[in-house]
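K.L.:
Pasting input04.txt here (compact mmCIF, C-alpha atoms):
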# COMPACT_ATOMS: atom_id res chain seq x y z
CA MET L 278 -27.96 -46.55 40.38
CA SER L 279 -25.10 -48.87 41.27
CA GLY L 280 -25.60 -50.98 38.15
CA ASP L 281 -25.19 -48.06 35.79
CA ARG L 282 -21.89 -47.81 34.02
CA PRO L 283 -20.11 -44.47 33.93
CA PRO L 284 -20.24 -42.77 30.54
CA ARG L 285 -17.29 -43.43 28.34
CA ARG L 286 -14.96 -40.61 27.68
CA HIS L 287 -14.15 -40.33 24.01
CA GLY L 288 -12.33 -37.01 24.20
CA PRO L 289 -8.71 -38.18 23.77
CA ARG L 290 -9.70 -40.81 21.22
CA GLN L 291 -11.76 -38.37 19.17
CA LEU L 292 -8.95 -35.83 19.32
CA ALA L 293 -6.50 -38.45 18.08
CA ARG L 294 -8.83 -39.28 15.20
CA MET L 295 -9.17 -35.64 14.30
CA LEU L 296 -5.42 -35.10 14.36
CA HIS L 297 -4.88 -38.18 12.23
CA ALA L 298 -7.50 -36.99 9.70
CA LEU L 299 -5.89 -33.57 9.66
CA ARG L 300 -2.47 -35.11 8.97
CA ARG L 301 -3.99 -37.16 6.16
CA TYR L 302 -5.61 -34.17 4.49
CA LEU L 303 -2.45 -32.11 4.94
CA CYS L 304 -0.49 -34.85 3.19
CA LEU L 305 1.67 -35.47 6.28
CA ALA L 306 0.56 -38.97 7.29
CA PRO L 307 2.23 -42.12 5.89
CA VAL L 308 0.28 -44.34 3.48
CA PRO L 309 -0.25 -47.87 4.82
CA ASP L 310 -0.53 -50.80 2.44
CA GLY L 311 -4.04 -51.27 1.17
CA GLN L 312 -5.00 -47.61 1.65
CA SER L 313 -4.30 -46.42 -1.89
CA PRO L 314 -7.97 -45.58 -2.70
CA ALA L 315 -8.30 -43.59 0.51
CA PHE L 316 -4.99 -41.83 -0.20
CA LEU L 317 -6.12 -40.79 -3.67
CA ARG L 318 -9.53 -39.71 -2.35
CA ASP L 319 -7.88 -37.49 0.26
CA ARG L 320 -5.54 -36.00 -2.33
CA VAL L 321 -8.45 -35.19 -4.67
CA ILE L 322 -9.83 -32.97 -1.90
CA ALA L 323 -6.67 -31.70 -0.22
CA LEU L 324 -4.39 -30.71 -3.10
CA PRO L 325 -6.87 -28.57 -5.11
CA LEU L 326 -8.06 -26.96 -1.86
CA LEU L 327 -4.52 -26.13 -0.77
CA THR L 328 -3.82 -24.78 -4.25
CA LEU L 329 -6.81 -22.44 -4.09
CA ILE L 330 -5.92 -21.25 -0.59
CA ALA L 331 -2.26 -20.72 -1.45
CA PHE L 332 -2.79 -18.83 -4.69
CA GLY L 333 -5.89 -16.97 -3.46
CA THR L 334 -4.18 -15.55 -0.38
CA LEU L 335 -1.03 -14.85 -2.40
CA SER L 336 -3.07 -12.89 -4.92
CA LEU L 337 -4.69 -10.80 -2.16
CA ALA L 338 -1.42 -10.16 -0.30
CA TYR L 339 0.60 -9.44 -3.44
CA GLY L 340 -2.12 -7.25 -4.91
CA GLY L 341 -2.51 -5.30 -1.66
CA VAL L 342 1.19 -4.45 -1.49
CA HIS L 343 1.40 -3.41 -5.13
CA ASP L 344 -1.87 -1.45 -5.03
CA ASP L 345 -0.38 0.56 -2.17
CA SER L 346 2.78 0.99 -4.25
CA ALA L 347 0.79 2.42 -7.15
CA ARG L 348 -1.08 4.76 -4.80
CA VAL L 349 2.19 6.00 -3.30
CA ALA L 350 3.77 6.62 -6.71
CA ARG L 351 0.77 8.13 -8.51
CA HIS L 352 -1.30 9.89 -5.85
CA THR L 353 0.00 10.42 -2.31
CA SER L 354 3.59 11.41 -3.07
CA PRO L 355 2.67 13.82 -5.93
CA ALA L 356 0.00 15.41 -3.72
CA LEU L 357 2.58 16.10 -1.02
CA VAL L 358 4.94 17.62 -3.57
CA GLU L 359 2.23 19.94 -4.92
CA LEU L 360 1.25 21.04 -1.42
CA THR L 361 4.86 21.91 -0.69
CA ARG L 362 5.07 23.89 -3.94
CA ALA L 363 1.93 25.82 -3.00
CA GLU L 364 3.24 26.59 0.49
CA VAL L 365 6.58 27.83 -0.84
CA SER L 366 4.95 29.94 -3.59
CA LEU L 367 2.66 31.63 -1.05
CA ALA L 368 5.61 32.47 1.21
CA GLN L 369 7.48 33.91 -1.74
CA ALA L 370 4.38 35.88 -2.79
CA GLN L 371 4.14 37.43 0.69
CA ARG L 372 7.80 38.41 0.58
CA GLU L 373 7.32 39.94 -2.87
CA ALA L 374 4.28 41.93 -1.66
CA GLU L 375 6.17 43.26 1.33
CA SER L 376 9.09 44.26 -0.88
CA ALA L 377 6.82 46.07 -3.32
CA LEU L 378 4.48 47.81 -0.84
CA THR L 379 6.77 48.71 2.05
CA GLY L 380 10.12 50.40 2.36
CA PRO L 381 11.48 53.69 1.07
CA GLU L 382 10.28 53.11 -2.52
CA ILE L 383 6.73 51.84 -2.98
CA VAL L 384 6.53 50.62 -6.56
CA GLY L 385 3.38 48.50 -6.38
CA LEU L 386 2.87 44.88 -7.29
CA GLY L 387 4.50 43.83 -10.53
CA GLN L 388 4.24 40.56 -12.47
CA THR L 389 6.11 38.39 -9.97
CA TYR L 390 3.43 38.43 -7.24
CA PRO L 391 0.47 37.41 -9.45
CA THR L 392 2.64 34.74 -11.07
CA LEU L 393 3.41 33.23 -7.67
CA ILE L 394 -0.26 33.37 -6.59
CA THR L 395 -1.32 31.74 -9.86
CA ARG L 396 1.29 29.04 -9.39
CA ALA L 397 0.11 28.33 -5.83
CA THR L 398 -3.52 28.18 -6.97
CA GLN L 399 -2.64 25.73 -9.73
CA ASN L 400 -0.74 23.56 -7.25
CA LEU L 401 -3.75 23.48 -4.93
CA ASN L 402 -6.05 22.63 -7.83
CA GLN L 403 -3.83 19.71 -8.80
CA VAL L 404 -3.97 18.42 -5.23
CA ALA L 405 -7.77 18.79 -5.25
CA GLN L 406 -7.95 16.52 -8.31
CA SER L 407 -5.81 13.83 -6.71
CA PRO L 408 -7.52 10.59 -5.60
CA ALA L 409 -5.14 10.54 -2.62
CA LEU L 410 -7.40 12.87 -0.63
CA SER L 411 -10.18 11.63 1.62
CA ALA L 412 -13.45 13.53 2.02
CA SER L 413 -12.25 15.40 5.12
CA GLN L 414 -8.90 16.21 3.51
CA ARG L 415 -10.65 17.51 0.41
CA GLN L 416 -12.88 19.70 2.56
CA GLY L 417 -9.82 21.10 4.34
CA LEU L 418 -8.19 21.85 1.00
CA GLN L 419 -11.29 23.74 -0.14
CA VAL L 420 -10.99 25.93 2.96
CA VAL L 421 -7.33 26.60 2.09
CA SER L 422 -8.26 27.59 -1.46
CA GLY L 423 -10.89 29.98 -0.15
CA LEU L 424 -8.40 31.55 2.25
CA VAL L 425 -5.91 32.02 -0.57
CA VAL L 426 -8.54 33.93 -2.54
CA ALA L 427 -9.26 36.13 0.49
CA TYR L 428 -5.55 36.61 1.14
CA ASN L 429 -4.97 37.70 -2.45
CA GLY L 430 -7.87 40.13 -2.13
CA TYR L 431 -6.36 41.84 0.92
CA VAL L 432 -2.96 42.11 -0.77
CA GLY L 433 -4.65 43.60 -3.83
CA THR L 434 -6.45 46.12 -1.62
CA ALA L 435 -3.14 47.03 -0.03
CA ASP L 436 -1.70 47.58 -3.50
CA ARG L 437 -4.58 49.82 -4.55
CA ASN L 438 -4.09 51.91 -1.40
CA ARG L 439 -0.30 52.12 -1.65
CA ASN L 440 -0.50 55.93 -1.72
CA ASP L 441 -1.84 55.72 1.86
CA PRO L 442 1.02 53.87 3.65
CA THR L 443 -0.91 53.44 6.88
CA LEU L 444 -3.94 51.85 5.25
CA SER L 445 -1.82 49.78 2.87
CA LYS L 446 0.28 48.50 5.75
CA ALA L 447 -2.83 47.55 7.71
CA TYR L 448 -4.25 45.50 4.82
CA LEU L 449 -0.87 43.85 4.21
CA SER L 450 -0.54 43.01 7.92
CA TYR L 451 -4.02 41.45 7.94
CA ALA L 452 -3.11 39.42 4.82
CA LEU L 453 0.01 38.18 6.63
CA SER L 454 -2.09 37.11 9.63
CA MET L 455 -4.25 35.07 7.26
CA LEU L 456 -1.17 33.44 5.76
CA CYS L 457 0.61 32.40 8.99
CA GLU L 458 0.88 32.81 12.74
CA THR L 459 2.64 36.12 13.33
CA THR L 460 4.77 37.66 16.07
CA ARG L 461 2.93 39.90 18.55
CA SER L 462 5.75 42.22 19.64
CA THR L 463 5.17 45.94 19.22
CA GLY L 464 7.54 48.23 17.44
CA THR L 465 8.77 45.64 14.98
CA PRO L 466 7.18 44.44 11.71
CA ALA L 467 5.06 41.33 12.04
CA ARG L 468 6.72 38.13 10.83
CA CYS L 469 5.67 34.51 10.51
CA THR L 470 6.55 32.36 13.52
CA ASP L 471 7.67 28.74 13.61
CA ARG L 472 4.98 27.83 16.14
CA ALA L 473 3.08 24.76 14.96
CA VAL L 474 -0.68 24.87 15.46
CA HIS L 475 -2.78 21.71 15.31
CA GLY L 476 -6.44 20.77 15.30
CA TYR L 477 -9.13 23.44 15.54
CA GLU L 478 -6.56 26.13 16.37
CA ALA L 479 -5.15 25.84 12.83
CA THR L 480 -6.80 28.84 11.18
CA THR L 481 -4.09 30.28 8.92
CA ILE L 482 -3.24 29.08 5.42
CA GLN L 483 0.16 27.66 6.36
CA ASP L 484 -1.19 25.90 9.44
CA ARG L 485 -3.96 24.26 7.42
CA ILE L 486 -1.52 23.21 4.70
CA ASP L 487 0.81 21.79 7.36
CA GLN L 488 -2.10 19.90 8.88
CA LEU L 489 -3.05 18.49 5.50
CA GLU L 490 0.58 17.50 4.84
CA ARG L 491 0.74 15.67 8.18
CA SER L 492 -2.44 13.81 7.31
CA LEU L 493 -1.08 12.79 3.91
CA ARG L 494 2.22 11.70 5.47
CA THR L 495 0.26 9.49 7.85
CA ASP L 496 -1.49 7.96 4.84
CA LEU L 497 1.85 7.54 3.10
CA ASP L 498 3.33 5.78 6.14
CA ALA L 499 0.39 3.36 6.15
CA GLU L 500 0.65 2.71 2.41
CA ALA L 501 4.43 2.27 2.45
CA GLY L 502 4.34 -0.13 5.41
CA TRP L 503 3.67 -3.84 5.18
CA GLY L 504 0.33 -3.62 6.95
CA THR L 505 -1.39 -6.26 9.09
CA ARG L 506 -3.65 -7.67 6.38
CA PRO L 507 -0.92 -8.42 3.79
CA VAL L 508 1.31 -9.94 6.48
CA VAL L 509 -1.44 -12.28 7.71
CA LEU L 510 -2.38 -13.26 4.16
CA ALA L 511 1.28 -13.84 3.28
CA ALA L 512 1.71 -16.07 6.35
CA VAL L 513 -1.36 -18.14 5.40
CA SER L 514 -0.15 -18.34 1.81
CA CYS L 515 3.34 -19.41 2.87
CA ALA L 516 1.97 -22.20 5.08
CA ALA L 517 -0.39 -23.35 2.32
CA PHE L 518 2.41 -23.39 -0.26
CA VAL L 519 4.66 -25.45 2.03
CA LEU L 520 1.89 -28.01 2.58
CA LEU L 521 1.06 -27.96 -1.13
CA ALA L 522 4.68 -28.59 -2.10
CA VAL L 523 4.93 -31.46 0.39
CA GLY L 524 1.65 -32.91 -0.85
CA LEU L 525 2.61 -32.73 -4.52
CA VAL L 526 6.04 -34.28 -3.93
CA ARG L 527 4.60 -37.09 -1.81
CA THR L 528 1.81 -37.74 -4.32
CA LEU L 529 4.29 -37.87 -7.19
CA GLY L 530 6.37 -40.34 -5.19
CA PHE L 531 3.30 -42.40 -4.34
CA LEU L 532 2.25 -42.64 -7.99
CA ARG L 533 5.79 -43.52 -9.00
CA VAL L 534 6.07 -46.34 -6.44
CA ARG L 535 2.55 -47.74 -6.45
CA PHE L 536 1.48 -47.13 -10.05
CA ARG L 537 4.88 -47.04 -11.78
CA LEU L 538 3.65 -43.74 -13.18
CA LEU L 539 5.20 -40.30 -13.68
CA SER L 540 2.31 -37.84 -13.52
CA LEU L 541 2.98 -35.00 -15.93
CA PRO L 542 -0.06 -32.93 -14.77
CA LEU L 543 1.12 -33.03 -11.16
CA ALA L 544 4.69 -32.31 -12.22
CA ALA L 545 3.39 -29.30 -14.15
CA ALA L 546 1.52 -28.15 -10.99
CA VAL L 547 4.90 -27.91 -9.24
CA LEU L 548 6.28 -25.43 -11.79
CA PRO L 549 4.32 -22.35 -10.60
CA LEU L 550 5.79 -22.88 -7.13
CA LEU L 551 9.24 -22.21 -8.56
CA ALA L 552 8.18 -18.62 -9.36
CA LEU L 553 7.43 -17.78 -5.72
CA PRO L 554 11.00 -16.68 -4.81
CA VAL L 555 10.96 -14.32 -7.80
CA LEU L 556 7.67 -12.75 -6.67
CA VAL L 557 8.98 -12.40 -3.12
CA LEU L 558 12.14 -10.69 -4.42
CA GLY L 559 10.08 -8.29 -6.53
CA THR L 560 7.82 -7.45 -3.59
CA VAL L 561 10.82 -6.73 -1.37
CA ARG L 562 12.29 -4.42 -4.02
CA VAL L 563 9.02 -2.54 -4.37
CA HIS L 564 8.76 -2.18 -0.60
CA GLN L 565 12.27 -0.75 -0.53
CA GLY L 566 11.17 1.83 -3.10
CA GLN L 567 8.17 2.71 -0.92
CA ALA L 568 10.43 3.09 2.11
CA ALA L 569 12.68 5.45 0.13
CA VAL L 570 9.68 7.58 -0.87
CA ARG L 571 8.51 7.68 2.74
CA GLN L 572 11.97 8.82 3.85
CA ILE L 573 11.96 11.62 1.28
CA ALA L 574 8.45 12.76 2.23
CA ASP L 575 8.93 12.58 6.00
CA VAL L 576 12.37 14.18 6.18
CA ASP L 577 13.61 15.93 3.05
CA LEU L 578 10.31 17.33 1.77
CA ALA L 579 9.28 18.43 5.26
CA GLU L 580 12.53 20.36 5.65
CA VAL L 581 12.01 22.11 2.30
CA SER L 582 8.55 23.29 3.30
CA THR L 583 9.95 25.06 6.39
CA VAL L 584 12.72 26.87 4.47
CA SER L 585 10.39 29.02 2.42
CA ASP L 586 12.24 32.32 2.17
CA THR L 587 14.76 31.76 -0.64
CA SER L 588 14.08 31.96 -4.33
CA ALA L 589 15.99 28.74 -4.95
CA VAL L 590 13.55 26.58 -2.97
CA PRO L 591 11.56 25.18 -5.96
CA ASN L 592 14.72 23.61 -7.34
CA PRO L 593 15.10 21.26 -4.33
CA ILE L 594 11.42 20.36 -4.71
CA ASP L 595 12.00 19.37 -8.32
CA THR L 596 14.99 17.32 -7.25
CA LEU L 597 13.02 15.55 -4.53
CA GLN L 598 10.19 14.81 -6.94
CA GLN L 599 12.65 13.24 -9.34
CA ARG L 600 14.09 11.17 -6.49
CA THR L 601 10.66 9.82 -5.54
CA GLU L 602 9.89 8.95 -9.17
CA HIS L 603 13.28 7.28 -9.54
CA ALA L 604 12.79 5.29 -6.33
CA MET L 605 9.59 3.72 -7.64
CA SER L 606 10.67 3.32 -11.25
CA GLY L 607 13.99 1.82 -10.13
CA ALA L 608 12.05 -0.84 -8.22
CA HIS L 609 10.01 -1.59 -11.41
CA SER L 610 6.82 -1.34 -9.35
CA ALA L 611 4.56 -1.12 -12.41
CA ASP L 612 6.08 -4.26 -13.94
CA TRP L 613 5.73 -6.26 -10.73
CA ALA L 614 2.18 -5.01 -10.23
CA SER L 615 1.18 -6.32 -13.67
CA VAL L 616 1.79 -9.88 -12.42
CA THR L 617 -1.11 -9.61 -9.94
CA GLY L 618 -3.76 -10.45 -12.53
CA PHE L 619 -2.09 -13.77 -13.42
CA ILE L 620 -1.70 -15.25 -9.92
CA LEU L 621 -5.29 -16.36 -9.29
CA PRO L 622 -5.91 -17.71 -12.84
CA VAL L 623 -2.71 -19.78 -12.58
CA GLY L 624 -3.92 -21.11 -9.23
CA LEU L 625 -7.34 -22.01 -10.62
CA LEU L 626 -5.75 -23.77 -13.60
CA SER L 627 -3.34 -25.65 -11.34
CA ALA L 628 -6.14 -26.72 -8.98
CA ALA L 629 -8.30 -27.90 -11.87
CA THR L 630 -5.42 -29.81 -13.46
CA THR L 631 -4.48 -31.46 -10.17
CA GLY L 632 -8.04 -32.44 -9.34
CA TRP L 633 -8.72 -33.80 -12.84
CA ALA L 634 -5.53 -35.89 -12.84
CA LEU L 635 -6.15 -37.37 -9.39
CA LEU L 636 -9.75 -38.20 -10.24
CA ALA L 637 -8.56 -39.98 -13.37
CA TYR L 638 -5.97 -41.98 -11.41
CA ARG L 639 -8.54 -42.91 -8.77
CA ARG L 640 -11.04 -44.09 -11.39
CA ASP L 641 -8.36 -46.20 -13.05
CA TYR L 642 -7.39 -47.69 -9.72
CA VAL L 643 -10.96 -48.69 -8.87
CA ARG L 644 -11.65 -50.00 -12.39
CA VAL L 645 -8.57 -52.22 -12.79
CA PRO L 646 -8.78 -55.53 -10.82
CA ARG L 647 -6.00 -56.82 -8.62
CA ARG L 648 -4.45 -53.48 -8.14
CA GLU L 649 -2.50 -55.06 -5.25
CA ALA L 650 0.28 -55.81 -7.74
CA PHE L 651 1.03 -52.11 -7.86
CA ARG L 652 1.43 -51.86 -4.10
Render the structure in this file as structure tokens.

P.N.:
Amino acid sequence: MSGDRPPRRHGPRQLARMLHALRRYLCLAPVPDGQSPAFLRDRVIALPLLTLIAFGTLSLAYGGVHDDSARVARHTSPALVELTRAEVSLAQAQREAESALTGPEIVGLGQTYPTLITRATQNLNQVAQSPALSASQRQGLQVVSGLVVAYNGYVGTADRNRNDPTLSKAYLSYALSMLCETTRSTGTPARCTDRAVHGYEATTIQDRIDQLERSLRTDLDAEAGWGTRPVVLAAVSCAAFVLLAVGLVRTLGFLRVRFRLLSLPLAAAVLPLLALPVLVLGTVRVHQGQAAVRQIADVDLAEVSTVSDTSAVPNPIDTLQQRTEHAMSGAHSADWASVTGFILPVGLLSAATTGWALLAYRRDYVRVPRREAFR
């Protein structure tokens, strides 16, 4: 109908109101004269809420980084070291068996071979007890342990048949094929190859250990990195702390100008904010320690596990283990991690103190007549 008026469009006006309300609650809008009760009411809601958001997200982000640090130092890195020890001990055991059961003088297995096998078994057992392993990784390690038992059985059979060189050599060759991928050329003794086998084709002991090491290194890379979740939480926490600091400073200034009052509770709520740079510095140091451990595991430890034919190999492993321990202890990761349990309680106490103080000021403002004198 021609007499009908077109509907009014309130979109821009409503958006302006929403933005103004958001600025008020974020403590960014100026305080006009006569709006002191509304200002205090907004602060009673905004400041405790910002405090809870800031300290809550900080606690989650900080705790996530330092939980990963503890896992790297106590579980994943030691598991990789023990797997490398087991791989090296098995390679040395094979070399010892070949030396004792082949060649011009067949003397039989002495004490060195069983010592190396026992050492490798103990290393694998220590890895099996580590919380670093997932269910699939633990299942793969059980397969490796079973293959080591079978491998040791074939070497033992070769030793018992050492008076029959042909039969002994056949059992020893089959044991070698269980240990690693071997060369196929005729006329020369079989030797382990450097060919890497992945996935379902990994059937030998060394291939399965290498596969498990790669899986643990992937876990270590994820634990030593910043990660998406901590970064997002840290960004939210940083924004909340900036708004909280602005809100506290502006509220302190408002109370000083309008009420002629220095609020000690709100001033005390500012003090925990001064510790943030210290926590950031500690987190950066711990992350540097994690990066150093990742570098050792991805490069140095991986190179040791491929050079498994010298008797001096365990010494570099001990050195690398000490370097990983020093990297985390030098960053004081355990000390920084102990702070995690105090972040959220401090935030709750600060939010409660801020809310209680602002409620008290608002009640006093409403109760006292002619408060305009304070404006």

K.L.:
Restricting the calculation to all atoms listed in the file, which member of L:Asp496, L:Ala323, L:Ala569, L:Leu317 is positioned closest to L:Val523?

P.N.:
L:Ala323

K.L.:
Can you tell me how far atom CA of L:Leu539 sits from atom CA of L:Ala522, in Å to one decimal?

P.N.:
16.5 Å

K.L.:
Identify, on the basis of all atoms listed in the file, every residue whose closest approach to stretch 603-605 of chain L does not exceed 10 Å; exclude the query and any residue fewer than 5 positions from it along the same chain; express the result as a ChimeraX atom specification.

P.N.:
/L:346-347,349-351,562-570,573,597-598,610-611

K.L.:
Using only C-alpha atoms, what does the table of stretch 463-555 of chain L residues within 9 Å of stretch 361-369 of chain L look like, with each row giving the shortest atom pair and its distance in Å to one decimal, sorted by chain and ascending number, as a tab-separated table?

P.N.:
residue	atom	partner	partner_atom	distance
L:Ile482	CA	L:Glu364	CA	8.5
L:Gln483	CA	L:Glu364	CA	6.7
L:Ile486	CA	L:Glu364	CA	7.2
L:Asp487	CA	L:Glu364	CA	8.7
L:Glu490	CA	L:Thr361	CA	8.3

K.L.:
What would the file look like if the residues just selected were written as a PDB file, in the coordinates of the input with C-alpha atoms?

P.N.:
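Contents of the output file again_3.pdb:
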ATOM      1  CA  ILE L 482      -3.240  29.080   5.420  1.00  0.00           C
ATOM      2  CA  GLN L 483       0.160  27.660   6.360  1.00  0.00           C
ATOM      3  CA  ILE L 486      -1.520  23.210   4.700  1.00  0.00           C
ATOM      4  CA  ASP L 487       0.810  21.790   7.360  1.00  0.00           C
ATOM      5  CA  GLU L 490       0.580  17.500   4.840  1.00  0.00           C
TER       6      GLU L 490
END

K.L.:
Any idea what the distance is between atom CA of L:Glu500 and atom CA of L:Ala331?

P.N.:
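If I compute the distance from atom CA of L:Glu500 to atom CA of L:Ala331, I get 23.9 Å.
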
K.L.:
Can you pull out the residues contacting L:Lys446? Cut-off 8 Å, using only C-alpha atoms, and skip same-chain residues under 2 positions away; I want them as an MDAnalysis selection string.

P.N.:
chainID L and resid 378:379 435 442:444 448:450
